[in-house]
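Colleague: Provided herewith: input.pdb, PDB, C-alpha atoms.
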```pdb
ATOM      1  CA  VAL X  69      89.698  68.149  69.585
ATOM      2  CA  VAL X  70      91.836  65.923  71.822
ATOM      3  CA  ALA X  71      95.618  66.111  71.491
ATOM      4  CA  CYS X  72      97.735  63.256  72.832
ATOM      5  CA  LEU X  73     101.417  64.189  72.871
ATOM      6  CA  PRO X  74     103.293  60.908  73.726
ATOM      7  CA  PRO X  75     102.244  59.099  70.494
ATOM      8  CA  ILE X  76     103.922  61.885  68.471
ATOM      9  CA  ALA X  77     107.278  61.309  70.164
ATOM     10  CA  VAL X  78     106.939  63.994  72.840
ATOM     11  CA  PRO X  79     108.605  62.944  76.159
ATOM     12  CA  PRO X  80     106.057  62.437  78.999
ATOM     13  CA  LEU X  81     107.777  64.964  81.268
ATOM     14  CA  LEU X  82     107.657  67.623  78.550
ATOM     15  CA  ALA X  83     104.006  66.800  77.862
ATOM     16  CA  LEU X  84     103.210  67.169  81.584
ATOM     17  CA  GLY X  85     105.038  70.497  81.780
ATOM     18  CA  LEU X  86     103.263  71.838  78.689
ATOM     19  CA  SER X  87      99.890  70.747  80.073
ATOM     20  CA  ALA X  88     100.605  72.452  83.395
ATOM     21  CA  PHE X  89     101.634  75.624  81.557
ATOM     22  CA  LEU X  90      98.404  75.661  79.541
ATOM     23  CA  VAL X  91      96.303  75.100  82.670
ATOM     24  CA  MET X  92      98.090  77.890  84.567
ATOM     25  CA  THR X  93      97.680  80.230  81.584
ATOM     26  CA  PHE X  94      93.960  79.533  81.528
ATOM     27  CA  VAL X  95      93.666  80.125  85.288
ATOM     28  CA  CYS X  96      95.600  83.409  85.184
ATOM     29  CA  ILE X  97      93.499  84.734  82.320
ATOM     30  CA  ASN X  98      90.083  83.712  83.624
ATOM     31  CA  ILE X  99      90.402  83.739  87.426
ATOM     32  CA  SER X 100      91.473  86.770  89.441
ATOM     33  CA  GLY X 101      94.112  86.613  92.150
ATOM     34  CA  LYS X 102      91.481  87.550  94.717
ATOM     35  CA  GLN X 103      89.226  84.635  93.701
ATOM     36  CA  MET X 104      92.105  82.149  93.926
ATOM     37  CA  PHE X 105      93.246  83.416  97.335
ATOM     38  CA  VAL X 106      89.700  83.491  98.743
ATOM     39  CA  SER X 107      89.105  79.925  97.509
ATOM     40  CA  LEU X 108      92.322  78.840  99.242
ATOM     41  CA  MET X 109      91.250  80.478 102.505
ATOM     42  CA  PHE X 110      87.787  78.915 102.284
ATOM     43  CA  GLY X 111      89.487  75.517 102.002
ATOM     44  CA  ILE X 112      91.581  76.290 105.092
ATOM     45  CA  LEU X 113      88.444  77.286 107.025
ATOM     46  CA  ASP X 114      86.826  73.984 106.067
ATOM     47  CA  VAL X 115      89.839  72.136 107.487
ATOM     48  CA  PHE X 116      90.171  74.030 110.776
ATOM     49  CA  PHE X 117      86.482  74.555 111.605
ATOM     50  CA  ARG X 118      84.440  71.404 112.173
ATOM     51  CA  GLU X 119      81.178  73.198 111.459
ATOM     52  CA  PHE X 120      80.363  76.601 110.026
ATOM     53  CA  VAL X 121      76.730  77.755 110.110
ATOM     54  CA  ALA X 122      75.282  81.080 108.996
ATOM     55  CA  ARG X 123      71.638  81.852 109.710
ATOM     56  CA  ASN X 124      69.361  83.875 107.397
ATOM     57  CA  GLN X 125      71.975  83.988 104.655
ATOM     58  CA  PHE X 126      69.144  84.295 102.126
ATOM     59  CA  LYS X 127      68.532  87.850 103.368
ATOM     60  CA  VAL X 128      71.928  89.005 102.079
ATOM     61  CA  PRO X 129      71.700  90.731  98.660
ATOM     62  CA  LEU X 130      73.127  88.792  95.727
ATOM     63  CA  GLU X 131      76.770  89.173  94.706
ATOM     64  CA  GLY X 132      77.307  92.377  92.767
ATOM     65  CA  THR X 133      74.676  94.322  94.728
ATOM     66  CA  PRO X 134      76.134  97.256  96.746
ATOM     67  CA  VAL X 135      75.779  96.638 100.481
ATOM     68  CA  ILE X 136      77.628  97.604 103.681
ATOM     69  CA  PHE X 137      78.321  94.941 106.326
ATOM     70  CA  VAL X 138      79.002  96.197 109.854
ATOM     71  CA  CYS X 139      80.809  93.527 111.896
ATOM     72  CA  ALA X 140      82.037  94.305 115.400
ATOM     73  CA  PRO X 141      83.822  93.493 117.526
ATOM     74  CA  HIS X 142      86.199  91.098 115.856
ATOM     75  CA  ALA X 143      88.922  88.976 117.411
ATOM     76  CA  ASN X 144      91.310  88.326 114.523
ATOM     77  CA  GLN X 145      91.833  90.908 111.803
ATOM     78  CA  PHE X 146      93.385  88.360 109.446
ATOM     79  CA  LEU X 147      90.901  85.496 109.796
ATOM     80  CA  ASP X 148      87.621  87.308 110.403
ATOM     81  CA  PRO X 149      87.280  88.745 106.855
ATOM     82  CA  PHE X 150      87.143  85.247 105.388
ATOM     83  CA  VAL X 151      84.708  84.104 108.067
ATOM     84  CA  VAL X 152      82.451  87.019 107.094
ATOM     85  CA  MET X 153      82.747  86.087 103.406
ATOM     86  CA  CYS X 154      81.705  82.528 104.235
ATOM     87  CA  GLY X 155      78.870  83.755 106.419
ATOM     88  CA  VAL X 156      77.343  86.092 103.826
ATOM     89  CA  GLY X 157      78.027  83.781 100.890
ATOM     90  CA  ARG X 158      79.795  86.482  98.855
ATOM     91  CA  SER X 159      83.384  86.828  97.705
ATOM     92  CA  ASP X 160      83.112  90.373  96.303
ATOM     93  CA  VAL X 161      83.562  91.938  99.752
ATOM     94  CA  SER X 162      86.190  94.646 100.337
ATOM     95  CA  PHE X 163      87.179  95.372 103.938
ATOM     96  CA  LEU X 164      88.294  98.518 105.720
ATOM     97  CA  THR X 165      91.956  98.081 106.637
ATOM     98  CA  ALA X 166      94.259 100.294 108.684
ATOM     99  CA  ALA X 167      96.447 102.274 106.282
ATOM    100  CA  ASN X 168      99.409 101.415 108.512
ATOM    101  CA  SER X 169      98.841  97.722 107.754
ATOM    102  CA  MET X 170      98.557  98.492 104.042
ATOM    103  CA  ARG X 171     102.055  99.984 104.158
ATOM    104  CA  LYS X 172     103.572  96.704 105.393
ATOM    105  CA  ARG X 173     105.111  94.560 102.677
ATOM    106  CA  PHE X 174     103.424  91.182 103.200
ATOM    107  CA  VAL X 175     100.168  92.236 104.881
ATOM    108  CA  GLY X 176      99.794  95.165 102.482
ATOM    109  CA  ALA X 177     100.220  92.923  99.442
ATOM    110  CA  LEU X 178      97.458  90.592 100.683
ATOM    111  CA  ALA X 179      95.195  93.530 101.542
ATOM    112  CA  ARG X 180      95.621  95.015  98.063
ATOM    113  CA  LEU X 181      94.979  91.584  96.539
ATOM    114  CA  LEU X 182      91.670  91.505  98.436
ATOM    115  CA  GLN X 183      90.901  95.071  97.257
ATOM    116  CA  SER X 184      90.800  96.380 100.823
ATOM    117  CA  ILE X 185      90.024 100.031 101.514
ATOM    118  CA  PRO X 186      92.747 101.837 103.527
ATOM    119  CA  VAL X 187      91.682 103.952 106.508
ATOM    120  CA  GLU X 188      94.156 106.270 108.223
ATOM    121  CA  ARG X 189      94.048 106.275 112.047
ATOM    122  CA  GLY X 190      95.304 108.972 114.368
ATOM    123  CA  GLN X 191      97.233 106.530 116.584
ATOM    124  CA  ASP X 192      99.202 105.337 113.569
ATOM    125  CA  LEU X 193     100.361 108.916 112.916
ATOM    126  CA  ALA X 194     101.276 109.659 116.538
ATOM    127  CA  PHE X 195     104.564 111.441 117.217
ATOM    128  CA  SER X 196     106.403 112.683 120.292
ATOM    129  CA  GLY X 197     105.614 116.256 121.252
ATOM    130  CA  THR X 198     108.255 118.817 122.150
ATOM    131  CA  GLY X 199     108.885 119.399 125.852
ATOM    132  CA  ARG X 200     106.945 117.944 128.785
ATOM    133  CA  VAL X 201     103.402 118.301 130.086
ATOM    134  CA  TRP X 202     101.584 118.302 133.402
ATOM    135  CA  LEU X 203      97.850 118.276 134.074
ATOM    136  CA  SER X 204      96.607 121.037 136.347
ATOM    137  CA  PRO X 205      94.846 119.513 139.394
ATOM    138  CA  GLU X 206      92.520 122.531 139.693
ATOM    139  CA  ASP X 207      90.032 121.530 136.980
ATOM    140  CA  GLY X 208      91.544 118.425 135.356
ATOM    141  CA  ARG X 209      91.116 120.029 131.917
ATOM    142  CA  THR X 210      94.054 122.421 131.721
ATOM    143  CA  LEU X 211      97.214 120.851 130.357
ATOM    144  CA  LEU X 212     100.346 122.855 131.075
ATOM    145  CA  GLY X 213     103.556 122.599 129.122
ATOM    146  CA  ARG X 214     107.220 123.191 129.754
ATOM    147  CA  GLY X 215     109.309 123.841 126.654
ATOM    148  CA  THR X 216     106.309 122.848 124.522
ATOM    149  CA  ARG X 217     105.102 124.226 121.193
ATOM    150  CA  PHE X 218     101.374 123.661 121.395
ATOM    151  CA  THR X 219     100.467 126.374 118.867
ATOM    152  CA  GLU X 220     102.700 124.752 116.229
ATOM    153  CA  GLN X 221     102.097 121.072 116.908
ATOM    154  CA  LEU X 222      98.488 120.908 118.078
ATOM    155  CA  LYS X 223      95.073 122.048 116.966
ATOM    156  CA  PRO X 224      91.552 121.479 118.319
ATOM    157  CA  LYS X 225      90.293 117.858 118.158
ATOM    158  CA  ASP X 226      93.826 116.445 118.099
ATOM    159  CA  ALA X 227      94.557 113.995 120.914
ATOM    160  CA  VAL X 228      97.308 114.110 123.519
ATOM    161  CA  ALA X 229      98.555 110.967 125.290
ATOM    162  CA  TRP X 230     100.676 110.944 128.441
ATOM    163  CA  ARG X 231     101.107 108.532 131.371
ATOM    164  CA  GLY X 232      98.486 106.138 129.997
ATOM    165  CA  VAL X 233      95.897 108.905 129.555
ATOM    166  CA  THR X 234      94.568 110.003 126.165
ATOM    167  CA  ALA X 235      92.451 113.153 125.868
ATOM    168  CA  GLN X 236      91.143 115.286 123.042
ATOM    169  CA  VAL X 237      92.146 118.941 122.743
ATOM    170  CA  GLU X 238      89.377 121.536 122.948
ATOM    171  CA  SER X 239      91.442 124.676 122.427
ATOM    172  CA  VAL X 240      95.090 125.745 122.312
ATOM    173  CA  LEU X 241      95.616 128.833 124.475
ATOM    174  CA  SER X 242      99.373 129.291 124.088
ATOM    175  CA  ASP X 243     102.580 127.376 123.473
ATOM    176  CA  GLU X 244     102.462 126.111 127.057
ATOM    177  CA  LYS X 245      98.771 125.893 127.843
ATOM    178  CA  LEU X 246      95.725 124.156 126.375
ATOM    179  CA  THR X 247      92.336 122.921 127.494
ATOM    180  CA  LEU X 248      90.960 119.410 127.100
ATOM    181  CA  GLN X 249      87.407 118.554 126.067
ATOM    182  CA  GLU X 250      86.847 116.417 129.156
ATOM    183  CA  ALA X 251      88.442 116.253 132.565
ATOM    184  CA  ALA X 252      91.271 113.725 132.824
ATOM    185  CA  PRO X 253      92.256 111.657 135.905
ATOM    186  CA  PRO X 254      94.195 113.578 138.582
ATOM    187  CA  PRO X 255      97.917 113.913 137.785
ATOM    188  CA  THR X 256     100.473 111.609 139.345
ATOM    189  CA  GLY X 257     104.196 112.250 139.385
ATOM    190  CA  GLU X 258     106.152 115.014 137.767
ATOM    191  CA  TRP X 259     106.216 116.520 134.290
ATOM    192  CA  SER X 260     106.122 113.796 131.650
ATOM    193  CA  GLU X 261     106.719 113.236 127.970
ATOM    194  CA  TYR X 262     103.698 113.035 125.698
ATOM    195  CA  LYS X 263     102.576 111.984 122.258
ATOM    196  CA  ILE X 264     100.361 113.790 119.772
ATOM    197  CA  GLN X 265      97.739 111.965 117.732
ATOM    198  CA  PRO X 266      96.595 114.175 114.844
ATOM    199  CA  ARG X 267      92.901 114.208 114.053
ATOM    200  CA  VAL X 268      92.285 112.409 110.774
ATOM    201  CA  ASP X 269      89.419 113.758 108.701
ATOM    202  CA  GLN X 270      88.148 110.775 106.706
TER     203      GLN X 270
END
```
Before we go any further, please render this structure as structure tokens.

Modeller:
Amino acid sequence: VVACLPPIAVPPLLALGLSAFLVMTFVCINISGKQMFVSLMFGILDVFFREFVARNQFKVPLEGTPVIFVCAPHANQFLDPFVVMCGVGRSDVSFLTAANSMRKRFVGALARLLQSIPVERGQDLAFSGTGRVWLSPEDGRTLLGRGTRFTEQLKPKDAVAWRGVTAQVESVLSDEKLTLQEAAPPPTGEWSEYKIQPRVDQ
């Protein structure tokens, strides 16, 4: 059935608006937000990349088949997901995303739209430790504290960062002494502030 609104005294502008409303209603009901956004990004990739070639794409399982893609390293966390989608010929891909990014308003909204999987990272949960630390030069593995509370704030496998050095904790001996899993570079300067990166058990 074909309906033509102007012959029945409906103004052209109103007819255009009603048509647009019906089209948008159909799109919202039948096409997901993820599909629309991915299609938009694919169009942008076609504009900005002169040529896009993926080899052996036929080896990728069909859409809907569970599969894990391991892609590393990547240069742009916002563009690379869509490049991967183009390369594998599938739009049902969900990407691992830093939970810290998921908590941001704009980036988080896009990540949730793409059904991304949040992953918590220790560096995103880092906080300043109490007191100051200094690395013992005797073995390079004993971290001494002054006014610190190691037994309260640290546990084995947490990481400690100070003066550009990051090391993992092997054991906490007291509030002002702990051992590192590996020897760190020789200390330079005086006692310094430090940050604690909790170990995240995924």

Colleague: Would you kindly return, as an NGL selection string, each protein, DNA or RNA residue with an atom no farther than 10 Å from any atom of X:Ala227, considering only C-alpha atoms and excluding same-chain residues fewer than 5 positions away?

Modeller: :X and (190-191 or 194 or 222 or 234-238 or 248-249 or 263-267)

Colleague: Could you tell me which residues the PyMOL selection byres ((chain X and resi 150) around 9) returns for this structure, as a PyMOL selection string?

Modeller: chain X and resi 106+109-110+113+146-149+151-155+159

Colleague: Using all atoms listed in the file, determine which residues lie at most 12 Å from X:Ser239, disregarding the query and same-chain residues fewer than 2 positions distant; provide the list as number ranges by chain.

Modeller: X: 209-211, 218-219, 222-227, 236-237, 241-243, 245-250

Colleague: Would you kindly return, as a list in words, each protein, DNA or RNA residue with an atom no farther than 12 Å from any atom of X:Leu181, considering all atoms listed in the file and excluding same-chain residues fewer than 5 positions away?

Modeller: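 Here the qualifying residues turn out to be Ser100, Gly101, Lys102, Gln103, Met104, Phe105, Val106, Asp160, Val161, Ser162, Phe163, Met170, Phe174, Val175 and Gly176 of chain X.
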
Colleague: How many Å lie between atom CA of X:Arg200 and atom CA of X:Ala251, rounded to one decimal?

Modeller: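 Going from atom CA of X:Arg200 over to atom CA of X:Ala251, I get 19.0 Å.
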
Colleague: Mind pulling up the distance from atom CA of X:Val156 to atom CA of X:Gln125?

Modeller: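 These atoms are spaced 5.8 Å apart.
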
Colleague: What separation in Å, quoted to one decimal, exists between atom CA of X:Val121 and atom CA of X:Pro186?

Modeller: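 Separation between atom CA of X:Val121 and atom CA of X:Pro186: 29.7 Å.
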
Colleague: Counting only C-alpha atoms, which residues sit no farther than 9 Å from the position (86.1, 96.5, 112.6) in the file's frame? I'd like them as a ChimeraX atom specification.

Modeller: /X:138-142,145,163-165

Colleague: Just say which residues the PyMOL selection byres ((chain X and resi 205) around 10) picks in this file, as a list in words.

Modeller: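 Output of the PyMOL selection byres ((chain X and resi 205) around 10): Trp202, Leu203, Ser204, Glu206, Asp207, Gly208, Arg209, Thr210, Leu211, Ala251, Ala252, Pro253, Pro254, Pro255 and Thr256 of chain X.
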
Colleague: List, as a list of chain:residue names, every residue that the PyMOL selection byres ((chain X and resi 260) around 10) selects in the file provided.

Modeller: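 That expression, the PyMOL selection byres ((chain X and resi 260) around 10), corresponds here to X:Gly199, X:Arg200, X:Val201, X:Trp202, X:Leu203, X:Gly213, X:Arg214, X:Trp230, X:Arg231, X:Thr256, X:Gly257, X:Glu258, X:Trp259, X:Glu261, X:Tyr262.
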